[in-house]
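Quick look at my_file.txt (compact mmCIF, C-alpha atoms):
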```
# COMPACT_ATOMS: atom_id res chain seq x y z
CA MET T 13 47.40 26.79 16.13
CA LYS T 14 47.29 26.67 19.91
CA LYS T 15 44.49 24.53 21.26
CA GLY T 16 41.57 26.20 23.00
CA ILE T 17 40.48 25.52 26.57
CA LEU T 18 37.42 23.52 27.50
CA VAL T 19 35.68 25.54 30.21
CA VAL T 20 32.90 24.05 32.33
CA ILE T 21 30.67 26.53 34.13
CA SER T 22 28.25 25.35 36.80
CA GLY T 23 26.26 26.87 39.60
CA PRO T 24 22.90 26.41 41.23
CA SER T 25 19.78 27.42 39.36
CA GLY T 26 19.04 31.11 39.96
CA VAL T 27 22.68 32.11 40.44
CA GLY T 28 22.64 34.26 37.31
CA LYS T 29 24.75 32.09 34.98
CA GLY T 30 22.82 33.25 31.91
CA THR T 31 23.63 36.94 32.38
CA VAL T 32 27.26 36.23 33.25
CA LEU T 33 27.75 34.02 30.18
CA LYS T 34 26.19 36.65 27.92
CA LEU T 35 28.57 39.31 29.29
CA LEU T 36 31.49 36.90 28.98
CA ARG T 37 30.77 36.34 25.31
CA GLU T 38 30.66 40.11 24.74
CA ARG T 39 34.06 40.55 26.44
CA ASN T 40 35.96 37.76 24.74
CA ASP T 41 35.50 36.84 21.11
CA ASN T 42 37.66 33.74 21.38
CA ILE T 43 34.88 32.14 23.42
CA VAL T 44 32.27 29.90 21.82
CA TYR T 45 29.40 27.95 23.33
CA SER T 46 28.65 24.34 22.67
CA VAL T 47 25.15 23.61 21.40
CA SER T 48 23.63 20.72 23.35
CA VAL T 49 21.50 17.88 22.08
CA THR T 50 18.19 17.44 23.88
CA THR T 51 15.12 15.21 23.83
CA ARG T 52 12.89 17.89 25.30
CA ALA T 53 10.28 19.54 23.12
CA LYS T 54 11.24 22.65 21.21
CA ARG T 55 9.81 25.79 22.81
CA PRO T 56 8.40 28.71 20.84
CA GLY T 57 11.21 30.89 19.50
CA GLU T 58 13.90 28.18 19.73
CA THR T 59 15.86 27.19 16.63
CA ASP T 60 17.17 23.69 15.98
CA GLY T 61 20.99 23.78 15.74
CA LYS T 62 21.19 27.15 17.47
CA ASP T 63 19.52 26.77 20.88
CA TYR T 64 19.69 22.97 20.87
CA TYR T 65 19.85 20.07 18.53
CA PHE T 66 16.42 18.54 19.04
CA LYS T 67 16.38 14.75 18.79
CA ASP T 68 13.89 12.10 19.77
CA PHE T 69 14.74 9.59 22.47
CA ASP T 70 15.84 6.83 20.06
CA GLN T 71 18.21 9.15 18.22
CA PHE T 72 19.64 10.32 21.55
CA LYS T 73 20.10 6.75 22.79
CA ASN T 74 21.82 5.88 19.54
CA MET T 75 24.28 8.79 19.96
CA MET T 76 24.98 7.64 23.52
CA HIS T 77 25.59 4.12 22.27
CA ASN T 78 28.09 5.45 19.70
CA ASN T 79 29.95 7.38 22.42
CA GLU T 80 29.18 10.69 20.73
CA PHE T 81 28.75 12.66 23.98
CA LEU T 82 31.21 14.26 26.34
CA GLU T 83 28.52 14.08 29.03
CA THR T 84 24.79 13.53 29.27
CA ALA T 85 22.26 14.46 31.92
CA GLU T 86 18.66 13.70 32.70
CA VAL T 87 16.80 16.74 34.00
CA TYR T 88 13.20 16.28 35.08
CA GLY T 89 12.70 13.42 32.60
CA ASP T 90 14.38 15.06 29.60
CA TYR T 91 17.82 14.16 28.29
CA TYR T 92 20.62 16.57 27.44
CA GLY T 93 24.02 15.83 25.98
CA THR T 94 27.17 17.66 24.86
CA PRO T 95 28.26 16.45 21.41
CA LYS T 96 31.92 15.46 21.61
CA LYS T 97 33.04 16.03 18.01
CA GLN T 98 31.66 19.56 17.82
CA VAL T 99 33.52 20.53 21.01
CA LEU T 100 36.83 18.90 20.06
CA ASP T 101 36.74 20.54 16.61
CA MET T 102 36.26 23.99 18.14
CA LEU T 103 39.11 23.38 20.62
CA ASP T 104 41.39 22.30 17.75
CA ALA T 105 40.46 25.54 15.98
CA GLY T 106 41.86 27.41 19.01
CA LYS T 107 38.52 28.48 20.46
CA ASP T 108 37.78 28.36 24.18
CA VAL T 109 34.59 26.33 24.47
CA ILE T 110 32.16 26.94 27.30
CA LEU T 111 29.87 24.22 28.59
CA GLU T 112 27.16 25.32 30.98
CA ILE T 113 26.37 22.02 32.68
CA ASP T 114 25.58 20.63 36.11
CA THR T 115 28.02 19.19 38.63
CA VAL T 116 27.47 15.58 37.55
CA GLY T 117 28.17 16.47 33.93
CA ALA T 118 31.24 18.46 35.00
CA VAL T 119 32.78 15.43 36.67
CA ASN T 120 32.10 13.32 33.58
CA VAL T 121 33.72 15.91 31.30
CA LYS T 122 36.77 16.06 33.54
CA LYS T 123 37.10 12.27 33.35
CA GLN T 124 37.08 12.27 29.56
CA TYR T 125 39.01 15.51 29.21
CA PRO T 126 41.26 16.11 32.23
CA GLU T 127 42.59 19.47 30.96
CA ALA T 128 39.09 20.95 31.30
CA LEU T 129 38.87 24.10 33.44
CA LEU T 130 36.01 23.82 35.94
CA ILE T 131 34.51 27.04 37.33
CA PHE T 132 31.68 27.17 39.87
CA ILE T 133 29.52 30.28 40.30
CA LEU T 134 28.23 30.92 43.81
CA PRO T 135 25.34 33.18 44.81
CA PRO T 136 26.15 36.09 47.15
CA SER T 137 24.62 33.99 49.96
CA ILE T 138 22.31 31.02 50.54
CA ASP T 139 19.51 33.43 51.49
CA GLU T 140 20.00 35.43 48.31
CA LEU T 141 19.82 32.24 46.24
CA TYR T 142 16.54 31.31 47.89
CA ASN T 143 15.17 34.80 47.28
CA ARG T 144 16.15 34.66 43.61
CA LEU T 145 14.49 31.28 43.11
CA VAL T 146 11.31 32.32 44.88
CA GLY T 147 11.38 35.76 43.28
CA ARG T 148 11.14 34.31 39.77
CA GLY T 149 7.55 33.41 40.61
CA THR T 150 7.44 31.17 37.57
CA GLU T 151 7.69 27.89 39.41
CA SER T 152 5.30 25.70 41.37
CA GLN T 153 6.05 24.91 45.00
CA GLU T 154 7.12 21.42 43.92
CA GLN T 155 9.47 22.72 41.22
CA LEU T 156 10.93 25.22 43.67
CA SER T 157 11.55 22.53 46.24
CA LEU T 158 13.25 20.36 43.58
CA ARG T 159 15.48 23.27 42.59
CA LEU T 160 16.46 24.02 46.18
CA ASN T 161 17.39 20.39 46.82
CA SER T 162 19.34 20.29 43.60
CA ALA T 163 21.12 23.57 44.53
CA ASP T 164 22.19 21.92 47.77
CA ALA T 165 23.59 18.88 45.95
CA GLU T 166 25.40 21.16 43.47
CA LEU T 167 27.05 23.15 46.25
CA LYS T 168 28.38 19.95 47.80
CA SER T 169 30.27 19.23 44.55
CA ILE T 170 32.36 22.41 44.56
CA LYS T 171 35.42 20.43 45.65
CA ASN T 172 35.60 18.91 42.15
CA TYR T 173 36.06 22.37 40.62
CA GLY T 174 39.21 24.38 40.03
CA TYR T 175 37.75 27.84 40.64
CA VAL T 176 34.87 29.37 42.55
CA VAL T 177 33.48 32.87 41.93
CA LYS T 178 30.79 34.56 43.99
CA ASN T 179 28.35 36.36 41.68
CA GLU T 180 27.59 39.70 43.30
CA VAL T 181 27.82 42.03 40.31
CA ALA T 182 27.41 40.20 36.98
CA GLU T 183 29.89 42.48 35.12
CA GLU T 184 32.58 41.82 37.73
CA THR T 185 31.90 38.10 37.73
CA ALA T 186 32.22 38.03 33.94
CA GLU T 187 35.52 39.93 34.17
CA ILE T 188 36.90 37.54 36.80
CA ILE T 189 35.91 34.47 34.77
CA ASP T 190 37.33 36.04 31.63
CA ASN T 191 40.67 36.54 33.44
CA ILE T 192 40.63 32.98 34.79
CA ILE T 193 40.15 31.62 31.25
CA ARG T 194 42.80 33.90 29.72
CA SER T 195 45.27 33.02 32.49
CA ALA T 196 44.69 29.30 32.00
CA HIS T 197 46.37 29.64 28.60
CA TYR T 198 49.66 30.18 30.43
CA THR T 199 49.78 27.04 32.57
CA VAL T 200 52.92 24.97 32.09
CA GLY T 201 50.73 21.96 31.23
CA ARG T 202 49.16 23.81 28.30
CA ASN T 203 52.49 25.05 26.91
CA ALA T 204 54.44 21.86 26.29
CA LYS T 205 55.26 22.89 22.69
CA LEU T 206 56.51 26.33 23.69
CA ILE T 207 58.66 24.92 26.49
CA LYS T 208 60.13 22.31 24.14
CA GLN T 209 61.44 25.16 21.96
CA PHE T 210 63.57 26.30 24.88
CA VAL T 211 64.47 23.09 26.64
CA GLY T 212 64.67 20.68 23.74
CA GLU T 213 63.44 17.11 23.85
CA MET I 10 41.10 39.12 56.19
CA LYS I 11 41.73 36.87 53.20
CA LYS I 12 45.29 35.64 53.00
CA GLY I 13 47.54 36.92 50.22
CA ILE I 14 49.27 34.75 47.65
CA LEU I 15 52.95 33.96 47.67
CA VAL I 16 54.13 34.45 44.09
CA VAL I 17 57.51 33.22 42.91
CA ILE I 18 58.83 34.78 39.72
CA SER I 19 61.84 33.29 37.97
CA GLY I 20 63.44 33.46 34.57
CA PRO I 21 66.91 33.47 33.08
CA SER I 22 69.12 36.50 33.56
CA GLY I 23 68.47 39.04 30.80
CA VAL I 24 64.82 38.07 30.30
CA GLY I 25 63.61 41.46 31.53
CA LYS I 26 62.23 40.48 34.96
CA GLY I 27 63.13 43.85 36.47
CA THR I 28 61.03 45.89 34.03
CA VAL I 29 58.10 43.48 34.23
CA LEU I 30 58.10 43.54 38.04
CA LYS I 31 58.23 47.33 38.09
CA LEU I 32 55.20 47.50 35.76
CA LEU I 33 53.42 44.86 37.80
CA ARG I 34 53.82 46.90 40.97
CA GLU I 35 52.39 49.95 39.17
CA ARG I 36 49.34 47.96 38.02
CA ASN I 37 48.44 46.25 41.27
CA ASP I 38 48.74 47.92 44.65
CA ASN I 39 48.00 44.74 46.55
CA ILE I 40 51.43 43.46 45.49
CA VAL I 41 54.46 43.81 47.73
CA TYR I 42 58.02 42.65 47.31
CA SER I 43 60.02 40.75 49.85
CA VAL I 44 63.35 42.33 50.82
CA SER I 45 66.11 39.71 50.77
CA VAL I 46 68.98 39.28 53.18
CA THR I 47 72.42 39.15 51.58
CA THR I 48 76.07 38.79 52.54
CA ARG I 49 77.26 40.67 49.47
CA ALA I 50 78.74 44.12 49.88
CA LYS I 51 76.41 47.10 49.69
CA ARG I 52 76.75 48.93 46.37
CA PRO I 53 76.66 52.72 46.04
CA GLY I 54 73.06 53.97 46.20
CA GLU I 55 71.69 50.88 47.96
CA THR I 56 69.85 51.24 51.28
CA ASP I 57 69.89 48.63 54.04
CA GLY I 58 66.35 47.39 54.66
CA LYS I 59 65.11 48.68 51.32
CA ASP I 60 67.23 47.04 48.64
CA TYR I 61 68.52 44.29 50.90
CA TYR I 62 69.18 43.54 54.51
CA PHE I 63 72.96 43.49 54.53
CA LYS I 64 74.44 40.94 56.98
CA ASP I 65 77.86 39.43 57.44
CA PHE I 66 78.40 35.75 56.88
CA ASP I 67 78.15 34.79 60.58
CA GLN I 68 74.84 36.60 60.98
CA PHE I 69 73.52 34.92 57.83
CA LYS I 70 74.64 31.48 59.02
CA ASN I 71 72.97 32.13 62.33
CA MET I 72 69.68 33.00 60.62
CA MET I 73 69.93 29.80 58.56
CA HIS I 74 70.58 27.83 61.71
CA ASN I 75 67.43 29.31 63.31
CA ASN I 76 65.37 28.36 60.25
CA GLU I 77 64.57 32.01 59.52
CA PHE I 78 64.64 31.66 55.73
CA LEU I 79 62.07 30.44 53.21
CA GLU I 80 64.95 29.77 50.84
CA THR I 81 68.59 30.67 50.46
CA ALA I 82 70.89 30.73 47.49
CA GLU I 83 74.59 31.11 46.84
CA VAL I 84 75.29 33.19 43.78
CA TYR I 85 78.90 33.63 42.69
CA GLY I 86 80.12 33.25 46.28
CA ASP I 87 77.57 35.54 47.94
CA TYR I 88 74.60 34.36 49.96
CA TYR I 89 71.01 35.50 49.59
CA GLY I 90 67.97 34.55 51.63
CA THR I 91 64.24 35.28 51.86
CA PRO I 92 63.26 36.04 55.47
CA LYS I 93 60.32 33.83 56.38
CA LYS I 94 58.62 35.92 59.06
CA GLN I 95 58.48 39.07 56.94
CA VAL I 96 56.85 37.16 54.08
CA LEU I 97 54.31 35.28 56.23
CA ASP I 98 53.31 38.53 58.01
CA MET I 99 52.62 40.26 54.70
CA LEU I 100 50.58 37.27 53.46
CA ASP I 101 48.54 37.31 56.68
CA ALA I 102 47.89 41.02 56.07
CA GLY I 103 46.28 40.03 52.73
CA LYS I 104 49.12 41.20 50.50
CA ASP I 105 50.33 39.20 47.50
CA VAL I 106 54.06 38.83 48.05
CA ILE I 107 56.42 38.52 45.11
CA LEU I 108 59.73 36.70 45.39
CA GLU I 109 62.11 37.13 42.47
CA ILE I 110 64.31 34.08 42.94
CA ASP I 111 66.03 31.37 40.93
CA THR I 112 64.67 27.93 40.11
CA VAL I 113 66.42 26.20 43.01
CA GLY I 114 64.96 28.71 45.47
CA ALA I 115 61.53 28.30 43.87
CA VAL I 116 61.53 24.57 44.53
CA ASN I 117 62.55 25.16 48.14
CA VAL I 118 59.78 27.73 48.65
CA LYS I 119 57.22 25.34 47.16
CA LYS I 120 58.37 22.64 49.60
CA GLN I 121 57.89 24.89 52.62
CA TYR I 122 54.81 26.66 51.25
CA PRO I 123 52.93 24.42 48.79
CA GLU I 124 50.24 27.04 47.99
CA ALA I 125 52.91 29.25 46.38
CA LEU I 126 52.19 30.31 42.80
CA LEU I 127 55.23 29.74 40.58
CA ILE I 128 55.56 31.77 37.38
CA PHE I 129 58.40 31.45 34.91
CA ILE I 130 59.25 34.23 32.44
CA LEU I 131 60.65 33.11 29.10
CA PRO I 132 62.54 35.24 26.58
CA PRO I 133 60.99 35.60 23.10
CA SER I 134 63.55 33.05 21.88
CA ILE I 135 66.88 31.50 22.86
CA ASP I 136 68.64 33.71 20.31
CA GLU I 137 67.01 36.81 21.73
CA LEU I 138 68.12 35.85 25.25
CA TYR I 139 71.70 35.47 24.03
CA ASN I 140 71.50 38.84 22.27
CA ARG I 141 70.20 40.54 25.41
CA LEU I 142 72.93 39.05 27.57
CA VAL I 143 75.69 39.96 25.12
CA GLY I 144 74.08 43.34 24.40
CA ARG I 145 74.41 44.47 27.99
CA GLY I 146 78.15 44.71 27.38
CA THR I 147 78.74 44.93 31.11
CA GLU I 148 80.01 41.40 31.60
CA SER I 149 83.28 39.63 30.98
CA GLN I 150 83.36 36.62 28.67
CA GLU I 151 83.58 34.39 31.73
CA GLN I 152 80.59 36.01 33.45
CA LEU I 153 78.61 35.77 30.21
CA SER I 154 79.40 32.09 29.85
CA LEU I 155 78.37 31.49 33.48
CA ARG I 156 75.07 33.27 32.86
CA LEU I 157 74.35 31.30 29.70
CA ASN I 158 74.98 27.99 31.45
CA SER I 159 72.83 29.09 34.33
CA ALA I 160 70.06 30.18 31.92
CA ASP I 161 70.13 26.69 30.44
CA ALA I 162 69.78 25.08 33.87
CA GLU I 163 66.94 27.47 34.75
CA LEU I 164 65.01 26.59 31.58
CA LYS I 165 65.25 22.89 32.42
CA SER I 166 63.36 23.58 35.68
CA ILE I 167 60.23 25.04 34.07
CA LYS I 168 58.33 21.81 34.78
CA ASN I 169 58.30 22.74 38.49
CA TYR I 170 56.36 25.92 37.73
CA GLY I 171 52.63 26.48 37.43
CA TYR I 172 52.72 29.14 34.70
CA VAL I 173 55.01 30.21 31.90
CA VAL I 174 54.86 33.59 30.15
CA LYS I 175 56.91 34.62 27.15
CA ASN I 176 58.16 38.19 27.59
CA GLU I 177 57.78 39.90 24.24
CA VAL I 178 56.29 43.25 25.26
CA ALA I 179 56.91 44.04 28.94
CA GLU I 180 53.54 45.81 29.41
CA GLU I 181 51.67 42.77 28.08
CA THR I 182 53.73 40.39 30.18
CA ALA I 183 52.96 42.45 33.29
CA GLU I 184 49.24 42.40 32.42
CA ILE I 185 49.26 38.63 31.92
CA ILE I 186 51.08 38.02 35.21
CA ASP I 187 48.75 40.45 36.99
CA ASN I 188 45.76 38.45 35.69
CA ILE I 189 47.34 35.14 36.71
CA ILE I 190 47.82 36.45 40.26
CA ARG I 191 44.32 37.94 40.49
CA SER I 192 42.77 34.74 39.12
CA ALA I 193 44.67 32.61 41.64
CA HIS I 194 42.55 34.23 44.38
CA TYR I 195 39.57 32.27 43.03
CA THR I 196 40.95 28.73 43.21
CA VAL I 197 38.81 26.33 45.22
CA GLY I 198 41.85 25.54 47.39
CA ARG I 199 42.20 29.19 48.40
CA ASN I 200 38.49 29.60 49.25
CA ALA I 201 37.84 26.96 51.87
CA LYS I 202 36.23 29.51 54.23
CA LEU I 203 33.86 30.88 51.58
CA ILE I 204 32.83 27.39 50.47
CA LYS I 205 32.19 26.37 54.06
CA GLN I 206 29.60 29.16 54.32
CA PHE I 207 27.61 27.43 51.59
CA VAL I 208 28.27 23.77 52.21
CA GLY I 209 28.62 23.69 55.98
CA GLU I 210 31.19 21.58 57.79
```
As structure tokens:
Amino acid sequence: MKKGILVVISGPSGVGKGTVLKLLRERNDNIVYSVSVTTRAKRPGETDGKDYYFKDFDQFKNMMHNNEFLETAEVYGDYYGTPKKQVLDMLDAGKDVILEIDTVGAVNVKKQYPEALLIFILPPSIDELYNRLVGRGTESQEQLSLRLNSADAELKSIKNYGYVVKNEVAEETAEIIDNIIRSAHYTVGRNAKLIKQFVGE
Amino acid sequence: MKKGILVVISGPSGVGKGTVLKLLRERNDNIVYSVSVTTRAKRPGETDGKDYYFKDFDQFKNMMHNNEFLETAEVYGDYYGTPKKQVLDMLDAGKDVILEIDTVGAVNVKKQYPEALLIFILPPSIDELYNRLVGRGTESQEQLSLRLNSADAELKSIKNYGYVVKNEVAEETAEIIDNIIRSAHYTVGRNAKLIKQFVGE
């Protein structure tokens, strides 16, 4: 069984990651998504173990203490974490595992798992990103300002990524990311066993 | 104009590079092939400037002296070289340029042009490679032995490559290589200008 690839996808809020990831899953059935652990309250319609694993703060802290996370993040006072064992098991089963996390989390994943493939999604332009955030109309001025500052910080972290894709048409972006993931299976670093068959020890 | 990618394709003799490259050209019209310079005699049906640029040994030596090659190779007493200016001009015009060269040439290209994308084509198995070489029936025992030794040396150089693709079905191999080349356009390293638009100086 060839090991799957750990794929980290980041991008500023409002860039359209949700739509792209949905299309990506439809295109490629070797892709699975990690379910995160969170301390935030369950929202109506969310299912424990499907949308998130909902834990209280003490349980979360305990998991951190036991080194059970690949990365954790605090977002507006709530904690989120990617459970390590779940991800490593799926990779061992040959699945490509997608983590949709922020740029701080991405760097932490890369530290613990250097083979991870880091992909950053860009908006068509800075103006367009601003329009999308404002256009949602679901956020207070304060929330919007927080998101814009955070978008700026995220953009400054692109240098830590391997790939960058501008999201103009979601279908095309999904196709490009799908190809990047499929191609990553052919790197020399990920084919040590195959190469050994030809070159010997 | 976004710069093209310099793609180096290598693989042992008999691995089916010719068929794969033909299919690749049919799939992707942004791909062009570099025409090599050679000192070997023109064969019936070959056209100067299309199959090769045919030069005598003094002309070739002169070009080497003037640093006009990206790489040169001696194969069974004949000299071959990749003309640097032609390749760089095509890259500047946004074309992805394919060089089909051996593993020694590949390392030399990478030295002069570190952004080059190096792809190695493997046979389905060592046995299959042997069968293909013998099956040609066009070579003397001595030539065959030379080719097998050279295949062995080529395989030992895979570690210098970025990607490795096993050629089982030529159409699939061409598709995989096409995807690898297309995906390479999205590396962070190849998108400095785009990123600068978002991050500033």
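Shortest separation to Val143 of chain I among I:Ser43, I:Asn169, I:Gln95, I:Ser22 occurs at residue I:Ser22, atoms counted being all atoms listed in the file.
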**OP:** Pull out every residue of chain T sitting within 7 Å of chain I, counting all atoms listed in the file, and send them as a ChimeraX atom specification.
**Re:** /T:138,167-168,171,173-177,188,191-192,195,198-200,210-211
Subject >> Selection near Lys122 of chain T, 10 Å with all atoms listed in the file, sequence-local residues under 4 positions removed, as a count of residues only >> reply: 13
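In this model, the gap between atom CA of Met73 of chain I and atom CA of Lys93 of chain I comes to 10.6 Å.
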Original post:
Can you find the residues with an atom no farther than 10 Å from (75.0, 34.7, 34.3), counting only C-alpha atoms, and report them as a PyMOL selection string?
Top reply: chain I and resi 21-23+84-85+142+148+151-160
If the box runs along x, y and z of the file and leaves 3 Å on each side of segment 52-67 of chain I, what are its centre and edge lengths in Å, one decimal, as lines of an AutoDock Vina configuration file?
```
center_x = 71.8
center_y = 44.4
center_z = 53.3
size_x = 19.3
size_y = 25.2
size_z = 20.5
```
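Separating atom CA of Val24 of chain I from atom CA of Lys205 of chain T is a distance of 19.5 Å.
One distance worth recording is that between atom CA of Phe69 of chain T and atom CA of Gln124 of chain T, which is 23.6 Å.
Minimum atom-to-atom distance to Tyr125 of chain T, evaluated using only C-alpha atoms, belongs to T:Leu100 out of T:Gly89, T:Lys107, T:Leu100, T:Thr50.
Compared by their closest atoms to Gly25 of chain I, and using all atoms listed in the file, the residues I:Lys94, I:Gly103, I:Ser149, I:Arg141 rank with I:Arg141 nearest.
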Original post:
Hey, can you pull every residue with an atom no more than 9 Å from (49.2, 36.1, 56.3), using only C-alpha atoms, and send it as an NGL selection string?
Top reply: :I and (10-14 or 96-104)
The selected residues should be written to file as a PDB file, in the coordinates of the input (atoms: C-alpha atoms).
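So the final result, stored in result.pdb, reads:
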```
ATOM      1  CA  MET I  10      41.100  39.120  56.190  1.00  0.00           C
ATOM      2  CA  LYS I  11      41.730  36.870  53.200  1.00  0.00           C
ATOM      3  CA  LYS I  12      45.290  35.640  53.000  1.00  0.00           C
ATOM      4  CA  GLY I  13      47.540  36.920  50.220  1.00  0.00           C
ATOM      5  CA  ILE I  14      49.270  34.750  47.650  1.00  0.00           C
ATOM      6  CA  VAL I  96      56.850  37.160  54.080  1.00  0.00           C
ATOM      7  CA  LEU I  97      54.310  35.280  56.230  1.00  0.00           C
ATOM      8  CA  ASP I  98      53.310  38.530  58.010  1.00  0.00           C
ATOM      9  CA  MET I  99      52.620  40.260  54.700  1.00  0.00           C
ATOM     10  CA  LEU I 100      50.580  37.270  53.460  1.00  0.00           C
ATOM     11  CA  ASP I 101      48.540  37.310  56.680  1.00  0.00           C
ATOM     12  CA  ALA I 102      47.890  41.020  56.070  1.00  0.00           C
ATOM     13  CA  GLY I 103      46.280  40.030  52.730  1.00  0.00           C
ATOM     14  CA  LYS I 104      49.120  41.200  50.500  1.00  0.00           C
TER      15      LYS I 104
END
```
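Distances to Asp67 of chain I were evaluated for I:Leu138, I:Tyr88, I:Val178, I:Leu33 using all atoms listed in the file, and the minimum falls at I:Tyr88.
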**OP:** Determine, counting only C-alpha atoms, which protein, DNA and RNA residues have an atom within 9 Å of an atom of Tyr61 of chain I; residues of the same chain fewer than 4 positions away are not included. Present the result as number ranges by chain.
**Re:** I: 44-47, 51, 55-57
